[in-house]
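Below you'll find the structure, written out as structure tokens, and then a few comments.
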Amino acid sequence: MAPYKCSDGEWILPMATFNRRLATGYCAYLGFADDVSAFGIVDRDPYDPASAPFDDRNLALPIGFNFPSSCKVAELFEAKFLQKTALEWEAELEAAGLPCAVIQTWEAWMRDPDARAARIFAEVGGEVQLGRAAWVKSAGEYPDLQPMVDGAAAVARDRAAPPPAATAPPRQRPLEGFVICDFANVIAGPACGRMLAELGATVYKLGPGVPQHGPMVMMVWQAELHQGKHSIILDAKKVEAREVIQRAIKAADVVLVNKMDNQLVSLGLNREALDVANRKAIPRQPQATAAPRLHLGFISGRRSCCSSNRTKGSGTRARATGTGTTPRCRARPG
């Protein structure tokens, strides 16, 4: 979906492009489910071969809309979002369980009080830069970042180090013997799981048999991102499946997940439930807002940054990077 202009002139990005539940949820909540149906748009299981004739007008595959259907739905969203401010929509939609993002420039995000307090950004040598990318919670408060004063010498020293001998015995991969339960989806979370597998961990990917995400996400992207993992397909609503999940959690050293808080509770993956099932399990939730002063187990309601831009008047979405007035968004995980 593209960003939409609000009554205050700011832009908001509703997030439902790849997810059937969110696409139908937005139409129902904003009050134009009947209008969408009148356009000839259906809501059918995208994994059912009988749904193939509707692939270009199926709410379960919103990214595949044909141009007329896409334009009609976009006009409904455009008129609706002009009724309130961007921040009002952000608060209202997220309270309804519909993820969205208020667009802001990169410079505005760097000045954002929450981002600075969390140390997502840090002032180093009088200039603002990204903060630490990794930290250990149990280490306590980290000192402020300092400018590199001898960078050239450090690079030269690393380059001068001899490479490992070609005849040396292969080293054991660092994570061999560790077990990962991977409940993540889309891109960032599954990519983390694949990297852990490449480092030697045994990764069990647990996922639904009939997912809410469309085939583009679950079939195309996942073919690459789930390499090296053991796949377990189950229906988490069934008692037998929940028993499998609990057995996997009890064996896990790390639980990788990028769900919303209510989903964590229903799946028994929130911190309190993990403390009962397996206190040693380390929860890991990939997200753009994680920072030393925010990351306390699982997080919800934190703002993040991702790039997006819409060409004025065209209704099309373009990716953008760099500085200047490049739009950025404050998004919450979901």
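Ligands are numbered from 1 in the order shown, residues from 1 within each chain, and chains are lettered A, B, ... in the order they appear in the structure tokens.
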
Exercise for the section: With a distance cut-off of 12 Å and only C-alpha atoms, select the neighbouring residues of Ala273 in chain A, excluding the residue or stretch itself and same-chain residues fewer than 6 positions from it, and output the selection as a ChimeraX atom specification. Expected result: /A:246,249-250,264-267,279,281,283

Exercise for the section: Excluding Cys27 in chain A and any residue of its chain fewer than 5 positions from it, enumerate the residues within 8 Å of it, using only C-alpha atoms, and give them as a VMD selection string. Expected result: chain A and resid 32 to 33 36

Could those selected residues go to a file with N, CA and C atoms, as a compact mmCIF listing (two decimals), in the first residue's frame?
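Heads up, here's the output in again.txt:
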# COMPACT_ATOMS: atom_id res chain seq x y z
N PHE A 32 -15.62 0.34 4.39
CA PHE A 32 -15.95 0.19 2.97
C PHE A 32 -15.78 -1.24 2.47
N ALA A 33 -16.07 -2.22 3.33
CA ALA A 33 -16.05 -3.62 2.90
C ALA A 33 -17.08 -3.87 1.80
N VAL A 36 -15.88 -2.40 -1.54
CA VAL A 36 -14.84 -3.24 -2.15
C VAL A 36 -15.48 -4.45 -2.82

Exercise for the section: Between A:Arg20, A:Arg247, A:Arg284, A:Arg116, single out the one closest to Lys259 in chain A, counting only C-alpha atoms. Expected result: A:Arg284

Handout entry: DSSP-assigned alpha helix (DSSP H) members of range 117-269 of chain A, reported as number ranges by chain
Key = A: 117, 151-160, 188-198, 215, 222-225, 239-251, 261-267

Writing out the chosen residues with N, CA and C atoms as a tab-separated table (two decimals), in the first residue's frame:
chain	number	residue	atom	x	y	z
A	117	ALA	N	16.58	9.26	23.06
A	117	ALA	CA	16.62	8.72	24.42
A	117	ALA	C	16.95	7.24	24.44
A	151	GLY	N	41.81	4.90	13.67
A	151	GLY	CA	41.19	3.97	12.76
A	151	GLY	C	42.12	3.45	11.69
A	152	ALA	N	42.97	4.30	11.14
A	152	ALA	CA	43.87	3.88	10.06
A	152	ALA	C	44.82	2.79	10.54
A	153	ALA	N	45.34	2.94	11.76
A	153	ALA	CA	46.26	1.94	12.29
A	153	ALA	C	45.55	0.61	12.52
A	154	ALA	N	44.31	0.66	12.99
A	154	ALA	CA	43.56	-0.58	13.23
A	154	ALA	C	43.29	-1.32	11.92
A	155	VAL	N	42.92	-0.59	10.86
A	155	VAL	CA	42.67	-1.22	9.57
A	155	VAL	C	43.94	-1.83	9.01
A	156	ALA	N	45.06	-1.11	9.12
A	156	ALA	CA	46.33	-1.63	8.62
A	156	ALA	C	46.75	-2.89	9.37
A	157	ARG	N	46.51	-2.92	10.67
A	157	ARG	CA	46.87	-4.10	11.47
A	157	ARG	C	46.05	-5.32	11.06
A	158	ASP	N	44.76	-5.11	10.80
A	158	ASP	CA	43.92	-6.22	10.38
A	158	ASP	C	44.34	-6.75	9.02
A	159	ARG	N	44.70	-5.86	8.12
A	159	ARG	CA	45.09	-6.28	6.78
A	159	ARG	C	46.42	-7.02	6.79
A	160	ALA	N	47.26	-6.71	7.76
A	160	ALA	CA	48.58	-7.33	7.83
A	160	ALA	C	48.53	-8.72	8.46
A	188	ALA	N	12.90	-9.99	7.75
A	188	ALA	CA	13.94	-9.75	8.76
A	188	ALA	C	14.11	-10.92	9.72
A	189	GLY	N	12.99	-11.40	10.29
A	189	GLY	CA	13.08	-12.51	11.23
A	189	GLY	C	13.61	-13.79	10.61
A	190	PRO	N	13.03	-14.25	9.48
A	190	PRO	CA	13.57	-15.45	8.83
A	190	PRO	C	15.03	-15.33	8.43
A	191	ALA	N	15.45	-14.12	8.03
A	191	ALA	CA	16.86	-13.93	7.68
A	191	ALA	C	17.76	-14.14	8.90
A	192	CYS	N	17.31	-13.68	10.06
A	192	CYS	CA	18.07	-13.92	11.29
A	192	CYS	C	18.19	-15.41	11.56
A	193	GLY	N	17.07	-16.13	11.39
A	193	GLY	CA	17.10	-17.58	11.60
A	193	GLY	C	18.05	-18.27	10.66
A	194	ARG	N	18.08	-17.85	9.41
A	194	ARG	CA	19.00	-18.49	8.46
A	194	ARG	C	20.45	-18.24	8.85
A	195	MET	N	20.76	-17.03	9.29
A	195	MET	CA	22.13	-16.74	9.71
A	195	MET	C	22.54	-17.59	10.90
A	196	LEU	N	21.63	-17.78	11.83
A	196	LEU	CA	21.93	-18.63	12.98
A	196	LEU	C	22.18	-20.07	12.54
A	197	ALA	N	21.41	-20.54	11.55
A	197	ALA	CA	21.64	-21.89	11.01
A	197	ALA	C	23.00	-21.99	10.34
A	198	GLU	N	23.37	-20.96	9.60
A	198	GLU	CA	24.66	-20.96	8.93
A	198	GLU	C	25.82	-20.95	9.92
A	215	PRO	N	1.28	-16.03	-1.06
A	215	PRO	CA	2.34	-16.90	-1.60
A	215	PRO	C	3.64	-16.19	-1.92
A	222	GLN	N	10.43	-17.20	1.25
A	222	GLN	CA	10.84	-18.18	2.24
A	222	GLN	C	11.71	-19.29	1.65
A	223	ALA	N	11.62	-19.50	0.35
A	223	ALA	CA	12.47	-20.52	-0.27
A	223	ALA	C	13.94	-20.22	-0.04
A	224	GLU	N	14.27	-18.94	0.02
A	224	GLU	CA	15.66	-18.55	0.30
A	224	GLU	C	15.92	-18.42	1.80
A	225	LEU	N	14.98	-17.80	2.51
A	225	LEU	CA	15.24	-17.44	3.90
A	225	LEU	C	15.13	-18.61	4.87
A	239	VAL	N	-4.93	-28.40	19.92
A	239	VAL	CA	-4.24	-28.80	21.16
A	239	VAL	C	-2.96	-29.55	20.84
A	240	GLU	N	-3.01	-30.47	19.88
A	240	GLU	CA	-1.82	-31.26	19.55
A	240	GLU	C	-0.69	-30.36	19.05
A	241	ALA	N	-1.04	-29.35	18.26
A	241	ALA	CA	-0.02	-28.44	17.74
A	241	ALA	C	0.61	-27.62	18.86
A	242	ARG	N	-0.19	-27.19	19.80
A	242	ARG	CA	0.33	-26.40	20.92
A	242	ARG	C	1.26	-27.25	21.78
A	243	GLU	N	0.99	-28.54	21.86
A	243	GLU	CA	1.90	-29.42	22.60
A	243	GLU	C	3.24	-29.53	21.88
A	244	VAL	N	3.21	-29.57	20.55
A	244	VAL	CA	4.45	-29.58	19.78
A	244	VAL	C	5.23	-28.30	20.01
A	245	ILE	N	4.53	-27.17	20.01
A	245	ILE	CA	5.18	-25.87	20.26
A	245	ILE	C	5.84	-25.86	21.63
A	246	GLN	N	5.15	-26.36	22.63
A	246	GLN	CA	5.72	-26.37	23.98
A	246	GLN	C	6.94	-27.26	24.07
A	247	ARG	N	6.91	-28.42	23.39
A	247	ARG	CA	8.09	-29.31	23.40
A	247	ARG	C	9.27	-28.64	22.72
A	248	ALA	N	8.99	-27.92	21.64
A	248	ALA	CA	10.07	-27.22	20.94
A	248	ALA	C	10.66	-26.11	21.81
A	249	ILE	N	9.79	-25.37	22.50
A	249	ILE	CA	10.26	-24.29	23.37
A	249	ILE	C	11.13	-24.83	24.50
A	250	LYS	N	10.73	-25.96	25.07
A	250	LYS	CA	11.50	-26.54	26.18
A	250	LYS	C	12.89	-26.96	25.74
A	251	ALA	N	13.06	-27.27	24.45
A	251	ALA	CA	14.37	-27.67	23.95
A	251	ALA	C	15.19	-26.50	23.44
A	261	ASP	N	2.05	-8.37	20.50
A	261	ASP	CA	1.96	-8.85	21.87
A	261	ASP	C	0.81	-9.81	22.09
A	262	ASN	N	-0.36	-9.50	21.51
A	262	ASN	CA	-1.50	-10.41	21.72
A	262	ASN	C	-1.26	-11.76	21.09
A	263	GLN	N	-0.49	-11.81	19.99
A	263	GLN	CA	-0.14	-13.08	19.37
A	263	GLN	C	0.85	-13.85	20.24
A	264	LEU	N	1.78	-13.14	20.88
A	264	LEU	CA	2.73	-13.80	21.76
A	264	LEU	C	2.01	-14.49	22.90
A	265	VAL	N	1.03	-13.81	23.47
A	265	VAL	CA	0.29	-14.39	24.59
A	265	VAL	C	-0.49	-15.62	24.14
A	266	SER	N	-1.17	-15.52	23.00
A	266	SER	CA	-2.00	-16.64	22.54
A	266	SER	C	-1.15	-17.85	22.16
A	267	LEU	N	0.08	-17.61	21.71
A	267	LEU	CA	0.97	-18.71	21.35
A	267	LEU	C	1.81	-19.20	22.53

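Residues within 10 Å of Asn19 in chain A, counting only C-alpha atoms and excluding same-chain residues fewer than 3 positions away, are A:Met15, A:Ala16, A:Leu22, A:Ala23, A:Thr24, A:Gly25, A:Leu59, A:Ala60, A:Leu61, A:Pro62, A:Ile63, A:Pro211, A:Gln212, A:His213, A:Gly214, A:Val217.
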